[in-house]
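Below is protein_17.cif, which holds mmCIF, C-alpha atoms (C1' of nucleotides).
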data_protein
#
loop_
_atom_site.group_PDB
_atom_site.id
_atom_site.type_symbol
_atom_site.label_atom_id
_atom_site.label_comp_id
_atom_site.auth_asym_id
_atom_site.auth_seq_id
_atom_site.Cartn_x
_atom_site.Cartn_y
_atom_site.Cartn_z
ATOM 1 C CA MET A 1188 0.000 0.000 0.000
ATOM 2 C CA VAL A 1189 1.567 3.223 -1.144
ATOM 3 C CA ILE A 1190 1.091 6.314 0.978
ATOM 4 C CA LEU A 1191 0.520 9.415 -1.075
ATOM 5 C CA PRO A 1192 1.438 12.319 1.129
ATOM 6 C CA TYR A 1193 0.509 15.022 -1.290
ATOM 7 C CA ILE A 1194 -2.566 16.297 -2.976
ATOM 8 C CA THR A 1195 -2.430 19.087 -5.498
ATOM 9 C CA LYS A 1196 -4.300 22.348 -5.322
ATOM 10 C CA GLY A 1197 -4.343 23.807 -8.795
ATOM 11 C CA ARG A 1198 -0.842 23.315 -10.051
ATOM 12 C CA TYR A 1199 0.760 23.488 -6.616
ATOM 13 C CA LEU A 1200 1.310 21.099 -3.776
ATOM 14 C CA VAL A 1201 -0.617 20.941 -0.583
ATOM 15 C CA LEU A 1202 0.502 18.551 2.093
ATOM 16 C CA LYS A 1203 -1.980 16.193 3.664
ATOM 17 C CA LYS A 1204 -2.278 16.695 7.397
ATOM 18 C CA ASN A 1205 -0.036 13.789 8.332
ATOM 19 C CA PHE A 1206 2.785 15.245 6.309
ATOM 20 C CA SER A 1207 2.362 18.904 7.071
ATOM 21 C CA ASN A 1208 5.476 18.779 9.212
ATOM 22 C CA TYR A 1209 7.596 18.643 6.088
ATOM 23 C CA LYS A 1210 5.961 21.826 4.943
ATOM 24 C CA LYS A 1211 6.518 23.561 8.273
ATOM 25 C CA ARG A 1212 10.165 22.534 8.255
ATOM 26 C CA ALA A 1213 10.638 23.636 4.678
ATOM 27 C CA ASN A 1214 9.193 27.037 5.488
ATOM 28 C CA ILE A 1215 11.676 27.573 8.288
ATOM 29 C CA MET A 1216 14.572 26.450 6.120
ATOM 30 C CA LYS A 1217 13.391 28.637 3.281
ATOM 31 C CA ALA A 1218 13.400 31.606 5.618
ATOM 32 C CA MET A 1219 17.070 30.928 6.362
ATOM 33 C CA ALA A 1220 18.075 30.075 2.803
ATOM 34 C CA HIS A 1221 19.163 33.481 1.580
ATOM 35 C CA PRO A 1222 22.679 34.896 1.761
ATOM 36 C CA VAL A 1223 21.612 38.193 3.300
ATOM 37 C CA ARG A 1224 19.491 36.462 5.896
ATOM 38 C CA LEU A 1225 22.305 34.046 6.741
ATOM 39 C CA LEU A 1226 24.612 37.010 7.146
ATOM 40 C CA ILE A 1227 22.127 38.629 9.493
ATOM 41 C CA LEU A 1228 21.685 35.426 11.512
ATOM 42 C CA ASP A 1229 25.437 35.017 11.736
ATOM 43 C CA HIS A 1230 25.827 38.488 13.183
ATOM 44 C CA LEU A 1231 22.870 38.059 15.518
ATOM 45 C CA SER A 1232 24.571 34.994 16.961
ATOM 46 C CA LYS A 1233 26.993 37.406 18.615
ATOM 47 C CA GLY A 1234 24.174 39.328 20.270
ATOM 48 C CA GLU A 1235 21.231 41.562 19.563
ATOM 49 C CA MET A 1236 21.436 44.270 16.945
ATOM 50 C CA CYS A 1237 19.193 47.162 16.044
ATOM 51 C CA VAL A 1238 17.956 47.513 12.495
ATOM 52 C CA CYS A 1239 20.199 50.504 11.990
ATOM 53 C CA GLU A 1240 23.249 48.329 12.677
ATOM 54 C CA ILE A 1241 21.983 45.522 10.460
ATOM 55 C CA ASN A 1242 21.427 48.019 7.688
ATOM 56 C CA GLU A 1243 25.104 48.877 7.734
ATOM 57 C CA LEU A 1244 26.079 45.275 7.053
ATOM 58 C CA VAL A 1245 24.754 45.233 3.517
ATOM 59 C CA SER A 1246 24.465 47.713 0.698
ATOM 60 C CA LEU A 1247 20.761 47.231 0.293
ATOM 61 C CA ASP A 1248 17.854 49.583 0.583
ATOM 62 C CA GLN A 1249 16.588 49.976 4.130
ATOM 63 C CA SER A 1250 13.196 48.668 3.067
ATOM 64 C CA THR A 1251 14.779 45.534 1.630
ATOM 65 C CA VAL A 1252 16.573 44.770 4.874
ATOM 66 C CA SER A 1253 13.351 45.378 6.743
ATOM 67 C CA LYS A 1254 11.619 42.800 4.575
ATOM 68 C CA HIS A 1255 14.371 40.249 5.144
ATOM 69 C CA LEU A 1256 13.927 40.780 8.871
ATOM 70 C CA ALA A 1257 10.199 40.285 8.463
ATOM 71 C CA VAL A 1258 10.845 36.924 6.783
ATOM 72 C CA LEU A 1259 12.974 35.788 9.721
ATOM 73 C CA ARG A 1260 10.461 37.173 12.211
ATOM 74 C CA ASN A 1261 7.477 35.514 10.554
ATOM 75 C CA ALA A 1262 9.313 32.207 10.527
ATOM 76 C CA GLY A 1263 9.829 32.514 14.282
ATOM 77 C CA ILE A 1264 13.602 32.535 13.962
ATOM 78 C CA VAL A 1265 14.186 35.995 15.427
ATOM 79 C CA GLU A 1266 12.339 38.237 17.853
ATOM 80 C CA ASP A 1267 12.081 41.994 17.804
ATOM 81 C CA GLU A 1268 11.794 44.425 20.658
ATOM 82 C CA LYS A 1269 11.208 48.100 20.294
ATOM 83 C CA ARG A 1270 13.170 50.369 22.615
ATOM 84 C CA GLY A 1271 12.722 54.020 21.922
ATOM 85 C CA MET A 1272 13.073 54.705 18.262
ATOM 86 C CA LYS A 1273 15.076 51.569 17.619
ATOM 87 C CA VAL A 1274 14.000 47.981 17.093
ATOM 88 C CA PHE A 1275 16.373 45.326 18.351
ATOM 89 C CA TYR A 1276 16.457 41.844 16.883
ATOM 90 C CA THR A 1277 17.633 38.713 18.670
ATOM 91 C CA LEU A 1278 17.953 35.061 17.700
ATOM 92 C CA LYS A 1279 14.993 33.261 19.199
ATOM 93 C CA THR A 1280 16.516 29.803 18.786
ATOM 94 C CA PRO A 1281 20.296 30.158 18.507
ATOM 95 C CA CYS A 1282 20.603 26.579 17.314
ATOM 96 C CA VAL A 1283 19.644 27.726 13.838
ATOM 97 C CA LEU A 1284 23.336 28.340 13.349
ATOM 98 C CA LYS A 1285 24.299 24.738 14.023
ATOM 99 C CA TYR A 1286 23.281 23.872 10.502
ATOM 100 C CA LEU A 1287 26.386 25.760 9.437
ATOM 101 C CA ASP A 1288 28.689 22.953 10.504
ATOM 102 C CA CYS A 1289 26.832 20.594 8.283
ATOM 103 C CA VAL A 1290 26.414 22.962 5.393
ATOM 104 C CA GLU A 1291 30.133 23.573 5.561
ATOM 105 C CA GLY A 1292 30.590 19.814 5.405
ATOM 106 C CA VAL A 1293 28.581 19.652 2.228
ATOM 107 C CA ILE A 1294 30.690 22.420 0.749
ATOM 108 C CA ARG A 1295 33.930 20.676 1.692
ATOM 109 C CA ALA A 1296 32.697 17.346 0.348
ATOM 110 C CA ASN A 1297 32.185 18.897 -3.089
ATOM 111 C CA MET B 1380 34.583 51.696 8.284
ATOM 112 C CA VAL B 1381 31.564 49.883 6.999
ATOM 113 C CA ILE B 1382 32.091 46.719 5.017
ATOM 114 C CA LEU B 1383 29.694 46.367 2.143
ATOM 115 C CA PRO B 1384 29.573 42.706 1.288
ATOM 116 C CA TYR B 1385 27.288 43.034 -1.702
ATOM 117 C CA ILE B 1386 27.396 44.543 -5.110
ATOM 118 C CA THR B 1387 24.413 44.472 -7.374
ATOM 119 C CA LYS B 1388 24.227 43.027 -10.840
ATOM 120 C CA GLY B 1389 21.160 44.421 -12.502
ATOM 121 C CA ARG B 1390 18.468 44.221 -9.905
ATOM 122 C CA TYR B 1391 19.906 41.204 -8.126
ATOM 123 C CA LEU B 1392 22.569 40.625 -5.562
ATOM 124 C CA VAL B 1393 26.012 39.317 -6.198
ATOM 125 C CA LEU B 1394 28.241 38.560 -3.274
ATOM 126 C CA LYS B 1395 31.722 39.949 -3.126
ATOM 127 C CA LYS B 1396 34.382 37.264 -2.903
ATOM 128 C CA ASN B 1397 34.925 37.596 0.828
ATOM 129 C CA PHE B 1398 31.267 36.908 1.455
ATOM 130 C CA SER B 1399 30.593 34.263 -1.133
ATOM 131 C CA ASN B 1400 30.386 31.654 1.603
ATOM 132 C CA TYR B 1401 27.007 32.986 2.579
ATOM 133 C CA LYS B 1402 25.841 32.427 -0.941
ATOM 134 C CA LYS B 1403 27.192 28.884 -1.038
ATOM 135 C CA ARG B 1404 25.514 28.084 2.239
ATOM 136 C CA ALA B 1405 22.247 29.618 1.144
ATOM 137 C CA ASN B 1406 22.288 27.529 -2.020
ATOM 138 C CA ILE B 1407 22.640 24.323 -0.043
ATOM 139 C CA MET B 1408 19.892 25.323 2.343
ATOM 140 C CA LYS B 1409 17.664 26.355 -0.527
ATOM 141 C CA ALA B 1410 18.144 22.931 -2.062
ATOM 142 C CA MET B 1411 16.830 21.382 1.145
ATOM 143 C CA ALA B 1412 14.063 23.901 1.732
ATOM 144 C CA HIS B 1413 11.201 22.162 -0.043
ATOM 145 C CA PRO B 1414 8.736 19.749 1.566
ATOM 146 C CA VAL B 1415 9.136 17.091 -1.112
ATOM 147 C CA ARG B 1416 12.905 17.255 -0.941
ATOM 148 C CA LEU B 1417 12.846 17.078 2.860
ATOM 149 C CA LEU B 1418 10.624 14.029 2.587
ATOM 150 C CA ILE B 1419 13.081 12.440 0.178
ATOM 151 C CA LEU B 1420 16.056 13.255 2.423
ATOM 152 C CA ASP B 1421 14.217 11.847 5.414
ATOM 153 C CA HIS B 1422 13.645 8.554 3.626
ATOM 154 C CA LEU B 1423 17.174 8.442 2.278
ATOM 155 C CA SER B 1424 18.452 8.700 5.841
ATOM 156 C CA LYS B 1425 17.273 5.109 6.264
ATOM 157 C CA GLY B 1426 19.329 3.945 3.283
ATOM 158 C CA GLU B 1427 19.637 4.206 -0.454
ATOM 159 C CA MET B 1428 16.562 4.204 -2.673
ATOM 160 C CA CYS B 1429 16.058 3.929 -6.405
ATOM 161 C CA VAL B 1430 14.104 6.613 -8.205
ATOM 162 C CA CYS B 1431 11.262 4.180 -8.728
ATOM 163 C CA GLU B 1432 10.866 3.838 -4.952
ATOM 164 C CA ILE B 1433 11.137 7.576 -4.391
ATOM 165 C CA ASN B 1434 8.482 8.115 -7.014
ATOM 166 C CA GLU B 1435 6.048 6.068 -4.960
ATOM 167 C CA LEU B 1436 6.442 8.356 -1.972
ATOM 168 C CA VAL B 1437 4.689 11.281 -3.572
ATOM 169 C CA SER B 1438 1.841 11.734 -5.997
ATOM 170 C CA LEU B 1439 3.861 13.829 -8.383
ATOM 171 C CA ASP B 1440 4.802 13.373 -11.988
ATOM 172 C CA GLN B 1441 7.918 11.262 -12.485
ATOM 173 C CA SER B 1442 9.633 14.156 -14.213
ATOM 174 C CA THR B 1443 8.942 16.425 -11.249
ATOM 175 C CA VAL B 1444 10.533 13.975 -8.820
ATOM 176 C CA SER B 1445 13.491 13.652 -11.170
ATOM 177 C CA LYS B 1446 13.945 17.406 -11.084
ATOM 178 C CA HIS B 1447 13.792 17.492 -7.309
ATOM 179 C CA LEU B 1448 16.509 14.845 -7.234
ATOM 180 C CA ALA B 1449 18.552 16.931 -9.627
ATOM 181 C CA VAL B 1450 18.330 19.880 -7.244
ATOM 182 C CA LEU B 1451 19.661 17.742 -4.382
ATOM 183 C CA ARG B 1452 22.323 16.228 -6.614
ATOM 184 C CA ASN B 1453 23.523 19.561 -7.947
ATOM 185 C CA ALA B 1454 23.769 20.889 -4.412
ATOM 186 C CA GLY B 1455 26.033 17.978 -3.511
ATOM 187 C CA ILE B 1456 23.614 16.659 -0.900
ATOM 188 C CA VAL B 1457 22.945 13.296 -2.529
ATOM 189 C CA GLU B 1458 24.845 11.020 -4.888
ATOM 190 C CA ASP B 1459 23.463 8.832 -7.603
ATOM 191 C CA GLU B 1460 24.716 5.534 -8.898
ATOM 192 C CA LYS B 1461 23.336 3.750 -11.890
ATOM 193 C CA ARG B 1462 22.988 -0.010 -11.590
ATOM 194 C CA GLY B 1463 21.303 -1.602 -14.537
ATOM 195 C CA MET B 1464 18.241 0.314 -15.449
ATOM 196 C CA LYS B 1465 17.842 1.833 -12.024
ATOM 197 C CA VAL B 1466 19.494 4.851 -10.438
ATOM 198 C CA PHE B 1467 20.071 4.664 -6.707
ATOM 199 C CA TYR B 1468 20.356 7.755 -4.584
ATOM 200 C CA THR B 1469 22.192 8.030 -1.268
ATOM 201 C CA LEU B 1470 22.775 10.818 1.227
ATOM 202 C CA LYS B 1471 26.271 12.142 0.654
ATOM 203 C CA THR B 1472 26.449 13.970 3.971
ATOM 204 C CA PRO B 1473 23.939 12.400 6.352
ATOM 205 C CA CYS B 1474 24.336 15.296 8.760
ATOM 206 C CA VAL B 1475 21.965 17.302 6.620
ATOM 207 C CA LEU B 1476 19.231 15.778 8.738
ATOM 208 C CA LYS B 1477 20.604 17.164 11.970
ATOM 209 C CA TYR B 1478 19.106 20.509 11.188
ATOM 210 C CA LEU B 1479 15.760 18.851 11.826
ATOM 211 C CA ASP B 1480 16.274 18.892 15.582
ATOM 212 C CA CYS B 1481 16.719 22.604 15.433
ATOM 213 C CA VAL B 1482 13.966 23.264 12.966
ATOM 214 C CA GLU B 1483 11.683 21.270 15.236
ATOM 215 C CA GLY B 1484 12.821 23.521 18.055
ATOM 216 C CA VAL B 1485 11.773 26.575 16.109
ATOM 217 C CA ILE B 1486 8.392 25.000 15.461
ATOM 218 C CA ARG B 1487 7.906 24.140 19.129
ATOM 219 C CA ALA B 1488 8.992 27.611 20.237
ATOM 220 C CA ASN B 1489 6.223 29.188 18.146
ATOM 221 C "C1'" DG C 1337 2.826 71.798 16.789
ATOM 222 C "C1'" DT C 1338 7.424 71.017 13.063
ATOM 223 C "C1'" DG C 1339 11.433 68.471 11.813
ATOM 224 C "C1'" DA C 1340 14.581 64.640 12.089
ATOM 225 C "C1'" DT C 1341 15.478 59.725 12.736
ATOM 226 C "C1'" DA C 1342 14.216 54.717 12.766
ATOM 227 C "C1'" DT C 1343 11.562 51.249 10.920
ATOM 228 C "C1'" DA C 1344 7.758 49.049 8.288
ATOM 229 C "C1'" DT C 1345 4.567 48.516 4.389
ATOM 230 C "C1'" DG C 1346 2.324 48.836 -0.446
ATOM 231 C "C1'" DG C 1347 3.264 48.534 -5.202
ATOM 232 C "C1'" DC C 1348 5.555 46.848 -8.970
ATOM 233 C "C1'" DA C 1349 9.038 44.775 -12.174
ATOM 234 C "C1'" DA C 1350 12.755 41.359 -12.786
ATOM 235 C "C1'" DT C 1351 13.913 36.923 -11.734
ATOM 236 C "C1'" DA C 1352 13.455 32.223 -9.784
ATOM 237 C "C1'" DT C 1353 10.861 28.104 -8.608
ATOM 238 C "C1'" DT C 1354 7.913 24.387 -9.507
ATOM 239 C "C1'" DA C 1355 4.497 21.804 -11.655
ATOM 240 C "C1'" DC C 1356 2.932 19.312 -15.814
ATOM 241 C "C1'" DC C 1357 3.326 17.394 -20.553
ATOM 242 C "C1'" DA C 1358 6.021 15.710 -24.180
ATOM 243 C "C1'" DT C 1359 10.102 13.782 -25.510
ATOM 244 C "C1'" DA C 1360 14.837 11.887 -25.192
ATOM 245 C "C1'" DT C 1361 18.093 8.538 -23.514
ATOM 246 C "C1'" DA C 1362 19.685 4.236 -21.681
ATOM 247 C "C1'" DG C 1363 19.325 -0.509 -20.345
ATOM 248 C "C1'" DT C 1364 17.038 -5.033 -20.720
ATOM 249 C "C1'" DA C 1365 14.417 -8.557 -22.991
ATOM 250 C "C1'" DT C 1366 12.686 -10.785 -27.008
ATOM 251 C "C1'" DA D 573 15.948 -4.966 -34.916
ATOM 252 C "C1'" DT D 574 11.327 -3.807 -31.707
ATOM 253 C "C1'" DA D 575 9.224 -3.341 -27.257
ATOM 254 C "C1'" DC D 576 9.316 -2.260 -22.536
ATOM 255 C "C1'" DT D 577 11.020 -0.127 -18.258
ATOM 256 C "C1'" DA D 578 13.566 3.483 -15.745
ATOM 257 C "C1'" DT D 579 15.155 7.967 -15.616
ATOM 258 C "C1'" DA D 580 16.330 12.660 -17.345
ATOM 259 C "C1'" DT D 581 15.575 16.877 -20.010
ATOM 260 C "C1'" DG D 582 13.217 20.807 -22.738
ATOM 261 C "C1'" DG D 583 9.352 23.747 -22.822
ATOM 262 C "C1'" DT D 584 5.984 26.436 -20.746
ATOM 263 C "C1'" DA D 585 2.576 28.450 -17.481
ATOM 264 C "C1'" DA D 586 1.403 29.514 -12.650
ATOM 265 C "C1'" DT D 587 3.248 31.159 -8.634
ATOM 266 C "C1'" DA D 588 6.807 32.920 -5.385
ATOM 267 C "C1'" DT D 589 10.806 35.715 -4.257
ATOM 268 C "C1'" DT D 590 13.406 39.806 -4.088
ATOM 269 C "C1'" DG D 591 14.855 44.191 -5.186
ATOM 270 C "C1'" DC D 592 13.831 49.384 -5.333
ATOM 271 C "C1'" DC D 593 10.911 53.460 -4.795
ATOM 272 C "C1'" DA D 594 7.498 55.902 -2.448
ATOM 273 C "C1'" DT D 595 5.031 56.323 1.520
ATOM 274 C "C1'" DA D 596 3.340 55.432 6.237
ATOM 275 C "C1'" DT D 597 4.063 55.190 11.139
ATOM 276 C "C1'" DA D 598 6.289 55.977 15.481
ATOM 277 C "C1'" DT D 599 9.491 58.194 18.547
ATOM 278 C "C1'" DC D 600 12.428 61.914 19.891
ATOM 279 C "C1'" DA D 601 13.976 66.845 20.088
ATOM 280 C "C1'" DC D 602 12.775 71.401 19.613
#

Could I get this structure in the form of structure tokens?
Amino acid sequence: MVILPYITKGRYLVLKKNFSNYKKRANIMKAMAHPVRLLILDHLSKGEMCVCEINELVSLDQSTVSKHLAVLRNAGIVEDEKRGMKVFYTLKTPCVLKYLDCVEGVIRAN
Amino acid sequence: MVILPYITKGRYLVLKKNFSNYKKRANIMKAMAHPVRLLILDHLSKGEMCVCEINELVSLDQSTVSKHLAVLRNAGIVEDEKRGMKVFYTLKTPCVLKYLDCVEGVIRAN
DNA sequence: GTGATATATGGCAATATTACCATATAGTAT
DNA sequence: ATACTATATGGTAATATTGCCATATATCAC
């Protein structure tokens, strides 16, 4: 008996309930899978930063950085806290950086 | 002195050499960041599988599964070996599944 | 109140991803 | 050789991502 974990909605995939965990996991990984966002996470691993500091890390429009932060925030990877005019971001689950060891391993192996 | 790790090519980002590691890492994570590919990796963690077996895991066109496997292969996450008519896939760096602990942590924390 | 600073959001265009179908390639059997 | 099975690739359409610009919102200083 073959288990079919997916049904399609239009042309795109929707996971059946039993398999929705794969979708949740993929969403979190997708949130991390961007060079700018990895750079941000890497710097946040050393401690909280305000958006103004994060902005200085990359030569991108302020609105673009803000949207990258929103992706990380919506995925539950970082938290924000407003203090005065500034918003400070922190890693909510610092383990997200552990993947780096492995990803580095993949790079070395190739 | 602010370091600007990115230059833009057209409307899209290109990493400067010193920061290209973030791009490499992001590419590997992006290759993993899809529910079908996570499902495949999860099953491969139990041992090699031929494409015909992988095809039975999901209700997707054979060509679609083949393309997902190509994404994993091109990222250096899996290896393929042809034996007779069949192609067997194996995890090249089994640690890629370790991230799951952490990703689960993010899910639980939210 | 006005003005300056810090951050977020709406809109849109360029690009990337992902699905399917059709077809190509390779091995095996007859 | 033909026929069949297993897998990969080209094409294309729907959708998603990502950048910038313009604008909105919120806080602080005056």

Applying the PyMOL selection byres ((chain C and resi 1352) around 12) to the file I just gave you, which residues come out? Please list them as a PyMOL selection string. (chain B and resi 1391+1409) or (chain C and resi 1350-1351+1353-1354) or (chain D and resi 587-590)

Save out the residues we just selected, C-alpha atoms (C1' of nucleotides), as a short mmCIF file (atom, residue, chain, number, x, y, z; two decimals), in the coordinates of the input.
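The resulting file, result-v4.cif, is reproduced below:
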data_model
loop_
_atom_site.label_atom_id
_atom_site.label_comp_id
_atom_site.auth_asym_id
_atom_site.auth_seq_id
_atom_site.Cartn_x
_atom_site.Cartn_y
_atom_site.Cartn_z
CA TYR B 1391 19.91 41.20 -8.13
CA LYS B 1409 17.66 26.36 -0.53
"C1'" DA C 1350 12.76 41.36 -12.79
"C1'" DT C 1351 13.91 36.92 -11.73
"C1'" DT C 1353 10.86 28.10 -8.61
"C1'" DT C 1354 7.91 24.39 -9.51
"C1'" DT D 587 3.25 31.16 -8.63
"C1'" DA D 588 6.81 32.92 -5.38
"C1'" DT D 589 10.81 35.72 -4.26
"C1'" DT D 590 13.41 39.81 -4.09
#

Name the residues in contact with DT577 (chain D) at a cut-off of 9 Å, using only C-alpha atoms (C1' of nucleotides), excluding same-chain residues fewer than 4 positions from it; report them as a PyMOL selection string. (chain B and resi 1464) or (chain C and resi 1363-1364)

Students should find that C1' of DC600 (chain D) and C1' of DA1340 (chain C) are spaced 8.5 Å

Using Å and a single decimal, report how far C1' of DT1361 (chain C) sits from CA of Leu1436 (chain B).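 That distance, rounded to one decimal, is 24.5 Å.
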
Expand the PyMOL selection byres ((chain B and resi 1452) around 12) into the individual residues it matches in the shown file, reporting them as a list in words.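 That expression, the PyMOL selection byres ((chain B and resi 1452) around 12), corresponds here to Val1293 and Asn1297 of chain A; Ile1407, Ala1410, Met1411, Arg1416, Leu1420, Ser1445, Lys1446, His1447, Leu1448, Ala1449, Val1450, Leu1451, Asn1453, Ala1454, Gly1455, Ile1456, Val1457, Glu1458, Asp1459, Glu1460, Phe1467, Tyr1468, Thr1469, Leu1470, Lys1471 and Thr1472 of chain B.
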
Please produce an output containing C-alpha atoms for each residue in the selection, written as a compact mmCIF listing (two decimals), keeping the file's coordinate frame.
# COMPACT_ATOMS: atom_id res chain seq x y z
CA VAL A 1293 28.58 19.65 2.23
CA ASN A 1297 32.18 18.90 -3.09
CA ILE B 1407 22.64 24.32 -0.04
CA ALA B 1410 18.14 22.93 -2.06
CA MET B 1411 16.83 21.38 1.14
CA ARG B 1416 12.90 17.26 -0.94
CA LEU B 1420 16.06 13.26 2.42
CA SER B 1445 13.49 13.65 -11.17
CA LYS B 1446 13.94 17.41 -11.08
CA HIS B 1447 13.79 17.49 -7.31
CA LEU B 1448 16.51 14.84 -7.23
CA ALA B 1449 18.55 16.93 -9.63
CA VAL B 1450 18.33 19.88 -7.24
CA LEU B 1451 19.66 17.74 -4.38
CA ASN B 1453 23.52 19.56 -7.95
CA ALA B 1454 23.77 20.89 -4.41
CA GLY B 1455 26.03 17.98 -3.51
CA ILE B 1456 23.61 16.66 -0.90
CA VAL B 1457 22.94 13.30 -2.53
CA GLU B 1458 24.84 11.02 -4.89
CA ASP B 1459 23.46 8.83 -7.60
CA GLU B 1460 24.72 5.53 -8.90
CA PHE B 1467 20.07 4.66 -6.71
CA TYR B 1468 20.36 7.76 -4.58
CA THR B 1469 22.19 8.03 -1.27
CA LEU B 1470 22.78 10.82 1.23
CA LYS B 1471 26.27 12.14 0.65
CA THR B 1472 26.45 13.97 3.97

Cut-off 9 Å around (16.7, 48.4, -3.2) with only C-alpha atoms (C1' of nucleotides): residues as a PyMOL selection string: (chain A and resi 1246-1252) or (chain B and resi 1390) or (chain D and resi 591-593)

The PyMOL selection byres ((chain C and resi 1366) around 10) - which residues does that actually catch in the file I just gave you? List them as a list of chain:residue names. C:DT1364, C:DA1365, D:DT574, D:DA575

Can you tell me, as a list of chain:residue names, what residues are no more than 12 Å from DG582 (chain D) when counting only C-alpha atoms (C1' of nucleotides), ignoring any on the same chain fewer than 3 positions away?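 My reading of the contact set: B:Ser1442, C:DC1357, C:DA1358, C:DT1359, C:DA1360.
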
Coordinates of box centre and edge lengths for region 1421-1428 of chain B, 4 Å on every side, axis-aligned, as JSON:
{"center_x": 16.6, "center_y": 7.9, "center_z": 1.8, "size_x": 14.0, "size_y": 15.9, "size_z": 16.9}

Separation of CA of Gly1271 (chain A) from CA of Gly1234 (chain A) in Å: 18.7 Å

So which residues fall inside 12 Å of (15.0, 68.7, 19.4) if we count only C-alpha atoms (C1' of nucleotides)? Mind giving them as a list of chain:residue names? C:DT1338, C:DG1339, C:DA1340, C:DT1341, D:DT599, D:DC600, D:DA601, D:DC602

Counting only C-alpha atoms (C1' of nucleotides), the option among A:Lys1211, A:Pro1222, A:Met1236, A:Lys1273 closest to chain D: A:Lys1273
